[in-house]
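Comments concern the structure below.
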Amino acid sequence: MPPSLRYSTLLLLCSLSSLGALAQGGALAHGGASSPLLLQTSDPALQQTFDWAKTQALAYVGSGNDPVGDWYEAALPGRNSFCMRDVSHQTMGAYALGLASHNHNMLRKFAQNISASKDWASYWEIDRQGRPSRDDYQSDADFWYNLPANFDVMSAALRMYRWTGDTTYIDDPVFANFYKHTVSDYPKRWHLEPPSALVRDRIMNQRTPTGRFVEARGIPSYTEGQKDFVVGVDVLAAEYRALRFAADLAHSKNHLDEARKYDLQAMTVQRFLETKAWNPEKHHFYGFARNGQDLFGDGDAFVLYFAATEDPAEIKGALSAIEKRLQASTPGIEEQSYLPEILYRYGASDEAYSQILDLSRPNRERREYPEVSYSIIGAIVTGLMGIDVASSLQRTDSRAPAGQTVISTRPQLSGKTQWVELDHLPVRTNVINLRHDGSEMSSLTNVSGPALLWQPRLSGHFDYLMVNGHRVAAIATNDDQHHPMTTISVLVKPKSRMVVSEIASRAAPDSMAH
């Protein structure tokens with residue numbers, strides 16, 4: 001990237017080469033991809049947003065005949081390439097659209113190209129020919145790289161394992177090698193472990209005195225527009241999440257000593273974030289550290305995106321800080337594309353809905369950037385519809401038999417949406433339809449695949465819920481943010497539909513869900 005081209009926003013494009021290139025008017029049609037994913041709703045604005053995002057995202061899907069294999073654009077439109085940050089963020093939307101093989105291929109390409117000669121980095125951006133992009137790479141000594149990338153890609157790959165059940169994400173030696181180096185040699189080589197991360201050199205491991213990218217080989221943040229810091233809080237938040245995944249993965253393989261090691265490392269990073277990186281006066285997370293532990297700026301978005309804090313007061317403060325900044329100004333398109341998922345995750349559904357609509361409005365500058373459409377689809381699935389899938393890596397008790405898919409849902413409709421239905425969503429070996437009527441009723445159809453266990457979550461505390469017209473004893477609990485909710489476990493057989501809704505009656509249940 002030419003040194004003259006810099007932005008001060010939280011996130012930037014994958015190494016832009018010119019401002020003029022942003023004037024792409026729309027998507028570039030590649031292979032004419034299609035998807036059975038459909039959304040129906042009472043809300044015309046939401047319907048328009050989904051329809052636009054689906055069409056726009058599919059226009060960026062490769063033909064399948066390129067040397068790189070299955071891929072979609074995840075960089076500046078027209079670059080015919082995909083970069084690590086964008087892919088990591090686009091995977092959920094891509095998966096929902098039926099692009100599981102594309103995600104796997106692209107993530108594996110990044111994993112495959114990690115090397116000691118690049119100090120355990122990979123190629124930041126790969127083109128449709130399967131080569132490192134010329135816009136970011138000259139040689140292993142001279143290339144562009146943002147240091148959160150390894151951690152981000154690792155987290156994305158293991159999230160896709162959760163949704164697909166594809167065991168190659170954990171058993172393939174290429175992925176296993178990438179994970180191993182990402183949570184060991186990589187943070188050591190780049191001095192990314194607290195407290196040494198606070199006194200590191202900003203740019204480390206320079207292998208040549210001159211070159212096009214020598215000052216960008218290892219940028220210690222996704223923020224590229226300023227150079228007055230030695231490490232970004234986003235790096236540490238991403239590192240925390242990768243370490244947690246590493247611990248879960250080790251535990252699932254019964255490597256208990258290794259799991260404890262990664263848990264302790266994750267706790268060290270989290271402790272730093274919740275103490276040193278927290279601004280107790282202004283109630284938000286700092287964004288950057290100067291050499292000598294002087295912290296400044298704003299880092300709330302990525303701490304919440306990577307779920308790197310469990311402190312309820314800090315979560316509340318960080319969320320409030322994000323909402324206040326939104327009232328003051330609209331962030332850059334890349335940063336904004338993360339916000340719907342973050343806001344939905346922490347219960348700010350009205351603001352999340354507003355952000356989805358704002359990102360997709362016809363006059364929103366640069367809405368054609370691929371990350372926007374994919375992130376909207378992803379936020380609708382995991383946020384507005386509230387769909388999640390239990391993972392075999394999770395160290396929690398499960399009521400499901402081994403190998404059975406467990407899906408949880410929680411409606412997060414705004415006041416402008418009476419009902420919404422998402423159809424033909426792939427979930428592992430199943431395809432489901434899910435409908436929410438307000439926050440009081442949800443229905444799930446097991447369109448294809450084996451029986452699955454559904455755990456609908458409705459807001460509020462209730463003794464019973466209605467399941468296909470029968471009162472059933474329910475479990476009143478709280479979510480991670482201590483919001484009251486009620487849940488139940490329902491077995492959904494193949495080709496069947498189950499409906500769960502609130503009930504005010506306190507009478508004894510006359511049926512059990514399973």
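Simple scheme: letters A, B, ... for chains in structure tokens order, numbers from 1 for residues in each chain, numbers from 1 for ligands in the order shown.
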Write down as a list in words the residues of segment 194-310 of chain A whose backbone DSSP state falls under strand (DSSP E).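 DSSP-assigned strand (DSSP E) residues in segment 194-310 of chain A: Arg217, Gly218, Ile219, Val231, Gly232, Trp278, Asn279, His284, Phe285, Phe288, Ala289, Arg290, Asp294, Leu295 and Phe296 of chain A.
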Now that the selection is made, can you save its residues with N, CA and C atoms as a CSV table (one decimal), in the first residue's frame?
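part.csv, written as the output of this step:
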```csv
chain,number,residue,atom,x,y,z
A,217,ARG,N,4.8,-5.1,7.1
A,217,ARG,CA,4.9,-6.5,7.4
A,217,ARG,C,4.8,-6.8,8.9
A,218,GLY,N,3.5,-6.9,9.3
A,218,GLY,CA,3.2,-7.2,10.7
A,218,GLY,C,2.6,-6.0,11.4
A,219,ILE,N,1.6,-5.3,10.8
A,219,ILE,CA,0.9,-4.2,11.4
A,219,ILE,C,0.2,-4.8,12.6
A,231,VAL,N,0.7,-2.0,19.8
A,231,VAL,CA,-0.2,-3.1,19.7
A,231,VAL,C,-1.6,-2.6,19.8
A,232,GLY,N,-2.5,-3.2,19.0
A,232,GLY,CA,-3.9,-2.9,19.1
A,232,GLY,C,-4.6,-3.8,20.0
A,278,TRP,N,-9.2,-1.6,30.1
A,278,TRP,CA,-10.5,-1.0,30.4
A,278,TRP,C,-10.3,0.4,31.0
A,279,ASN,N,-11.1,1.4,30.5
A,279,ASN,CA,-11.0,2.8,31.0
A,279,ASN,C,-12.1,2.9,32.0
A,284,HIS,N,-15.3,2.3,28.9
A,284,HIS,CA,-15.1,1.6,27.6
A,284,HIS,C,-13.7,1.1,27.5
A,285,PHE,N,-13.5,0.3,26.4
A,285,PHE,CA,-12.1,-0.3,26.2
A,285,PHE,C,-11.3,0.6,25.4
A,288,PHE,N,-5.6,1.0,21.8
A,288,PHE,CA,-4.2,0.9,21.4
A,288,PHE,C,-3.3,1.1,22.6
A,289,ALA,N,-2.1,0.5,22.5
A,289,ALA,CA,-1.1,0.7,23.6
A,289,ALA,C,0.1,1.3,23.0
A,290,ARG,N,0.6,2.3,23.6
A,290,ARG,CA,1.9,2.8,23.2
A,290,ARG,C,3.0,2.1,24.0
A,294,ASP,N,1.0,3.0,28.0
A,294,ASP,CA,0.1,4.1,27.8
A,294,ASP,C,-1.0,3.7,26.8
A,295,LEU,N,-2.2,3.6,27.3
A,295,LEU,CA,-3.3,3.2,26.4
A,295,LEU,C,-4.2,4.3,26.0
A,296,PHE,N,-4.8,4.3,24.8
A,296,PHE,CA,-5.6,5.3,24.3
A,296,PHE,C,-6.6,4.8,23.3
```
Set out as a tab-separated table a contact list for segment 369-393 of chain A and segment 430-452 of chain A with a cut-off of 12 Å, giving each residue of segment 369-393 of chain A that qualifies its closest atom pair and distance in Å to one decimal, counting only C-alpha atoms, ordered by chain and rising residue number.
```
residue	atom	partner	partner_atom	distance
A:Ile380	CA	A:Leu434	CA	11.9
A:Val381	CA	A:Leu434	CA	9.9
A:Thr382	CA	A:Leu434	CA	12.0
A:Leu384	CA	A:His436	CA	9.6
A:Met385	CA	A:His436	CA	7.5
A:Gly386	CA	A:His436	CA	10.0
A:Ile387	CA	A:Leu434	CA	9.0
A:Val389	CA	A:Leu452	CA	10.8
A:Ala390	CA	A:Leu452	CA	11.3
```
Expected file: the selected residues, C-alpha atoms, as a PDB file, in the first residue's frame:
```pdb
ATOM      1  CA  ILE A 380     -29.803 -11.975  10.118  1.00  0.00           C
ATOM      2  CA  VAL A 381     -29.084 -15.671  10.711  1.00  0.00           C
ATOM      3  CA  THR A 382     -27.214 -15.490  14.012  1.00  0.00           C
ATOM      4  CA  LEU A 384     -32.165 -11.386  14.201  1.00  0.00           C
ATOM      5  CA  MET A 385     -33.149 -15.078  13.974  1.00  0.00           C
ATOM      6  CA  GLY A 386     -30.808 -15.896  16.877  1.00  0.00           C
ATOM      7  CA  ILE A 387     -29.676 -19.262  15.500  1.00  0.00           C
ATOM      8  CA  VAL A 389     -25.384 -24.624  16.813  1.00  0.00           C
ATOM      9  CA  ALA A 390     -23.830 -26.534  19.687  1.00  0.00           C
TER      10      ALA A 390
END
```
Find the spatial neighbours of Trp52 of chain A, counting only C-alpha atoms, within a cut-off of 12 Å - ignore same-chain residues fewer than 5 positions away - and output them as a list in words. Gly26, Ala27, Leu38, Leu39, Ala45, Leu46, Gln47, Ala57, Leu58, Ala59, Ile356, Leu357, Leu359, Ser360, Arg361, Pro362, Arg367, Glu368, Val372, Ser373, Tyr374, Ile376 and Ile377 of chain A
Let's have the selection written as an mmCIF file, in the first residue's frame, with N, CA and C atoms.
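Saved to out01.cif:
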```
data_model
loop_
_atom_site.group_PDB
_atom_site.id
_atom_site.type_symbol
_atom_site.label_atom_id
_atom_site.label_comp_id
_atom_site.auth_asym_id
_atom_site.auth_seq_id
_atom_site.Cartn_x
_atom_site.Cartn_y
_atom_site.Cartn_z
ATOM 1 N N GLY A 26 -21.082 -1.647 -8.737
ATOM 2 C CA GLY A 26 -21.878 -2.785 -8.290
ATOM 3 C C GLY A 26 -21.045 -4.034 -8.311
ATOM 4 N N ALA A 27 -21.709 -5.138 -8.079
ATOM 5 C CA ALA A 27 -21.015 -6.408 -7.997
ATOM 6 C C ALA A 27 -20.525 -6.859 -9.367
ATOM 7 N N LEU A 38 -34.117 -18.330 1.649
ATOM 8 C CA LEU A 38 -35.183 -17.347 1.439
ATOM 9 C C LEU A 38 -35.584 -16.719 2.767
ATOM 10 N N LEU A 39 -36.012 -15.472 2.684
ATOM 11 C CA LEU A 39 -36.578 -14.800 3.845
ATOM 12 C C LEU A 39 -37.926 -14.223 3.460
ATOM 13 N N ALA A 45 -39.050 -3.259 4.662
ATOM 14 C CA ALA A 45 -37.666 -2.785 4.678
ATOM 15 C C ALA A 45 -36.697 -3.934 4.916
ATOM 16 N N LEU A 46 -37.029 -4.823 5.824
ATOM 17 C CA LEU A 46 -36.181 -5.989 6.078
ATOM 18 C C LEU A 46 -36.152 -6.909 4.870
ATOM 19 N N GLN A 47 -37.301 -7.084 4.233
ATOM 20 C CA GLN A 47 -37.358 -7.916 3.033
ATOM 21 C C GLN A 47 -36.457 -7.360 1.942
ATOM 22 N N ALA A 57 -24.302 -10.593 -2.661
ATOM 23 C CA ALA A 57 -23.300 -11.563 -2.223
ATOM 24 C C ALA A 57 -23.071 -12.645 -3.269
ATOM 25 N N LEU A 58 -24.142 -13.160 -3.857
ATOM 26 C CA LEU A 58 -23.996 -14.235 -4.837
ATOM 27 C C LEU A 58 -23.304 -13.765 -6.110
ATOM 28 N N ALA A 59 -23.392 -12.475 -6.404
ATOM 29 C CA ALA A 59 -22.723 -11.950 -7.590
ATOM 30 C C ALA A 59 -21.209 -12.008 -7.469
ATOM 31 N N ILE A 356 -28.400 -2.664 10.010
ATOM 32 C CA ILE A 356 -28.598 -3.487 8.814
ATOM 33 C C ILE A 356 -29.256 -2.668 7.704
ATOM 34 N N LEU A 357 -30.274 -1.916 8.067
ATOM 35 C CA LEU A 357 -30.947 -1.094 7.063
ATOM 36 C C LEU A 357 -30.047 0.008 6.538
ATOM 37 N N LEU A 359 -26.721 -0.021 6.351
ATOM 38 C CA LEU A 359 -25.676 -0.600 5.498
ATOM 39 C C LEU A 359 -26.175 -0.904 4.092
ATOM 40 N N SER A 360 -27.454 -1.229 3.977
ATOM 41 C CA SER A 360 -27.996 -1.677 2.694
ATOM 42 C C SER A 360 -28.750 -0.599 1.924
ATOM 43 N N ARG A 361 -28.905 0.591 2.488
ATOM 44 C CA ARG A 361 -29.676 1.625 1.774
ATOM 45 C C ARG A 361 -28.987 1.976 0.459
ATOM 46 N N PRO A 362 -29.763 2.237 -0.578
ATOM 47 C CA PRO A 362 -29.202 2.434 -1.914
ATOM 48 C C PRO A 362 -28.158 3.542 -2.003
ATOM 49 N N ARG A 367 -21.611 0.524 -0.379
ATOM 50 C CA ARG A 367 -22.343 -0.635 0.135
ATOM 51 C C ARG A 367 -22.047 -1.874 -0.696
ATOM 52 N N GLU A 368 -21.484 -1.710 -1.900
ATOM 53 C CA GLU A 368 -21.174 -2.856 -2.745
ATOM 54 C C GLU A 368 -19.944 -3.616 -2.278
ATOM 55 N N VAL A 372 -20.091 -6.245 3.158
ATOM 56 C CA VAL A 372 -21.359 -5.699 3.616
ATOM 57 C C VAL A 372 -22.492 -6.706 3.421
ATOM 58 N N SER A 373 -22.657 -7.186 2.214
ATOM 59 C CA SER A 373 -23.776 -8.099 1.940
ATOM 60 C C SER A 373 -23.636 -9.401 2.706
ATOM 61 N N TYR A 374 -22.440 -9.957 2.752
ATOM 62 C CA TYR A 374 -22.242 -11.210 3.483
ATOM 63 C C TYR A 374 -22.481 -11.033 4.977
ATOM 64 N N ILE A 376 -24.436 -8.868 6.431
ATOM 65 C CA ILE A 376 -25.870 -8.689 6.673
ATOM 66 C C ILE A 376 -26.569 -10.045 6.742
ATOM 67 N N ILE A 377 -26.282 -10.914 5.785
ATOM 68 C CA ILE A 377 -26.873 -12.254 5.810
ATOM 69 C C ILE A 377 -26.491 -12.967 7.109
#
```
What is the distance between atom CA of Glu314 of chain A and atom CA of Pro280 of chain A, in Å to one decimal?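 Value for the atom CA of Glu314 of chain A-atom CA of Pro280 of chain A distance: 9.0 Å.
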Could you please write out, as number ranges by chain, every residue of segment 290-459 of chain A that DSSP assigns to helix (DSSP H, G or I)? A: 300-305, 312-328, 333-345, 349-360, 370-384
Based on the selection just made, write C-alpha atoms of those residues as a short mmCIF file (atom, residue, chain, number, x, y, z; two decimals), in the first residue's frame.
```
data_model
loop_
_atom_site.label_atom_id
_atom_site.label_comp_id
_atom_site.auth_asym_id
_atom_site.auth_seq_id
_atom_site.Cartn_x
_atom_site.Cartn_y
_atom_site.Cartn_z
CA ASP A 300 -14.90 -1.77 22.17
CA ALA A 301 -16.06 -3.31 18.89
CA PHE A 302 -13.46 -6.03 18.61
CA VAL A 303 -13.47 -6.90 22.31
CA LEU A 304 -17.19 -7.61 21.96
CA TYR A 305 -16.89 -9.21 18.52
CA PRO A 312 -21.27 -7.68 32.66
CA ALA A 313 -20.47 -4.07 33.60
CA GLU A 314 -17.75 -3.82 30.96
CA ILE A 315 -19.98 -5.39 28.32
CA LYS A 316 -22.68 -2.87 29.15
CA GLY A 317 -20.21 0.02 29.07
CA ALA A 318 -18.62 -1.05 25.79
CA LEU A 319 -22.02 -1.50 24.17
CA SER A 320 -23.11 1.93 25.39
CA ALA A 321 -19.89 3.47 24.05
CA ILE A 322 -20.53 1.97 20.60
CA GLU A 323 -24.09 3.27 20.55
CA LYS A 324 -22.98 6.76 21.61
CA ARG A 325 -20.39 6.87 18.83
CA LEU A 326 -23.05 5.83 16.34
CA GLN A 327 -25.18 8.75 17.41
CA ALA A 328 -22.28 11.09 16.73
CA ILE A 333 -18.21 0.66 5.95
CA GLU A 334 -15.83 -2.09 7.14
CA GLU A 335 -16.20 -1.23 10.80
CA GLN A 336 -19.94 -0.73 10.47
CA SER A 337 -20.37 -4.16 8.89
CA TYR A 338 -19.34 -5.76 12.20
CA LEU A 339 -21.84 -3.84 14.28
CA PRO A 340 -25.12 -5.69 13.57
CA GLU A 341 -23.67 -9.00 14.75
CA ILE A 342 -22.17 -7.37 17.84
CA LEU A 343 -25.34 -5.49 18.73
CA TYR A 344 -27.58 -8.52 18.26
CA ARG A 345 -25.25 -10.68 20.35
CA SER A 349 -31.77 -5.57 18.61
CA ASP A 350 -33.34 -2.23 17.63
CA GLU A 351 -29.96 -0.61 16.96
CA ALA A 352 -28.74 -3.75 15.16
CA TYR A 353 -31.81 -3.60 12.90
CA SER A 354 -31.11 0.08 12.17
CA GLN A 355 -27.53 -0.74 11.22
CA ILE A 356 -28.60 -3.49 8.81
CA LEU A 357 -30.95 -1.09 7.06
CA ASP A 358 -28.36 1.67 6.98
CA LEU A 359 -25.68 -0.60 5.50
CA SER A 360 -28.00 -1.68 2.69
CA PRO A 370 -18.45 -7.64 -0.51
CA GLU A 371 -18.16 -7.73 3.27
CA VAL A 372 -21.36 -5.70 3.62
CA SER A 373 -23.78 -8.10 1.94
CA TYR A 374 -22.24 -11.21 3.48
CA SER A 375 -22.20 -9.71 6.97
CA ILE A 376 -25.87 -8.69 6.67
CA ILE A 377 -26.87 -12.25 5.81
CA GLY A 378 -24.75 -13.55 8.69
CA ALA A 379 -26.26 -11.07 11.18
CA ILE A 380 -29.80 -11.98 10.12
CA VAL A 381 -29.08 -15.67 10.71
CA THR A 382 -27.21 -15.49 14.01
CA GLY A 383 -28.63 -12.20 15.30
CA LEU A 384 -32.16 -11.39 14.20
#
```
Each residue of segment 238-314 of chain A with at least one atom at most 12 Å from segment 143-159 of chain A should appear once, together with its nearest atom pair and the corresponding distance in Å (one decimal); atoms considered: only C-alpha atoms; ordering: chain, then increasing residue number; output as a Markdown table.
```
| residue | atom | partner | partner_atom | distance |
| --- | --- | --- | --- | --- |
| A:Ala238 | CA | A:Phe151 | CA | 5.5 |
| A:Glu239 | CA | A:Phe151 | CA | 5.5 |
| A:Tyr240 | CA | A:Phe151 | CA | 8.5 |
| A:Arg241 | CA | A:Ser155 | CA | 6.8 |
| A:Ala242 | CA | A:Phe151 | CA | 5.3 |
| A:Leu243 | CA | A:Phe151 | CA | 8.4 |
| A:Arg244 | CA | A:Ser155 | CA | 9.2 |
| A:Phe245 | CA | A:Ser155 | CA | 6.9 |
| A:Ala246 | CA | A:Met154 | CA | 9.0 |
| A:Ala247 | CA | A:Leu158 | CA | 12.0 |
| A:Asp248 | CA | A:Leu158 | CA | 10.2 |
| A:Leu249 | CA | A:Leu158 | CA | 9.0 |
| A:Phe302 | CA | A:Pro148 | CA | 10.6 |
| A:Tyr305 | CA | A:Asp152 | CA | 10.8 |
| A:Phe306 | CA | A:Asp152 | CA | 8.9 |
| A:Ala307 | CA | A:Ser155 | CA | 11.6 |
```
Take atom CA of Val499 of chain A and atom CA of Val406 of chain A and report the distance between them in Å, one decimal.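 So the answer is 16.4 Å.
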For Pro456 of chain A, please output as an mmCIF file with C-alpha atoms, in the first residue's frame all residues within 7 Å (counting only C-alpha atoms; exclusion window: fewer than 4 positions along the same chain).
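This is the output file out.cif:
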```cif
data_model
loop_
_atom_site.group_PDB
_atom_site.id
_atom_site.type_symbol
_atom_site.label_atom_id
_atom_site.label_comp_id
_atom_site.auth_asym_id
_atom_site.auth_seq_id
_atom_site.Cartn_x
_atom_site.Cartn_y
_atom_site.Cartn_z
ATOM 1 C CA SER A 408 -30.775 -22.993 19.730
ATOM 2 C CA THR A 409 -32.816 -19.995 18.606
ATOM 3 C CA ARG A 410 -33.843 -16.668 20.077
ATOM 4 C CA THR A 487 -36.016 -22.478 27.203
ATOM 5 C CA ILE A 488 -36.990 -26.068 26.542
#
```
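Considering the residues A:Leu465, A:Met160, A:Ala141, A:Val492 and counting only C-alpha atoms, Met204 of chain A has its shortest atom-to-atom contact with A:Ala141.
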Go through A:Tyr346, A:Tyr286, A:Phe50, A:Tyr369 and flag the residue nearest Asp86 of chain A, using only C-alpha atoms for the distances.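 Among the listed residues, the smallest separation from Asp86 of chain A belongs to A:Tyr369.
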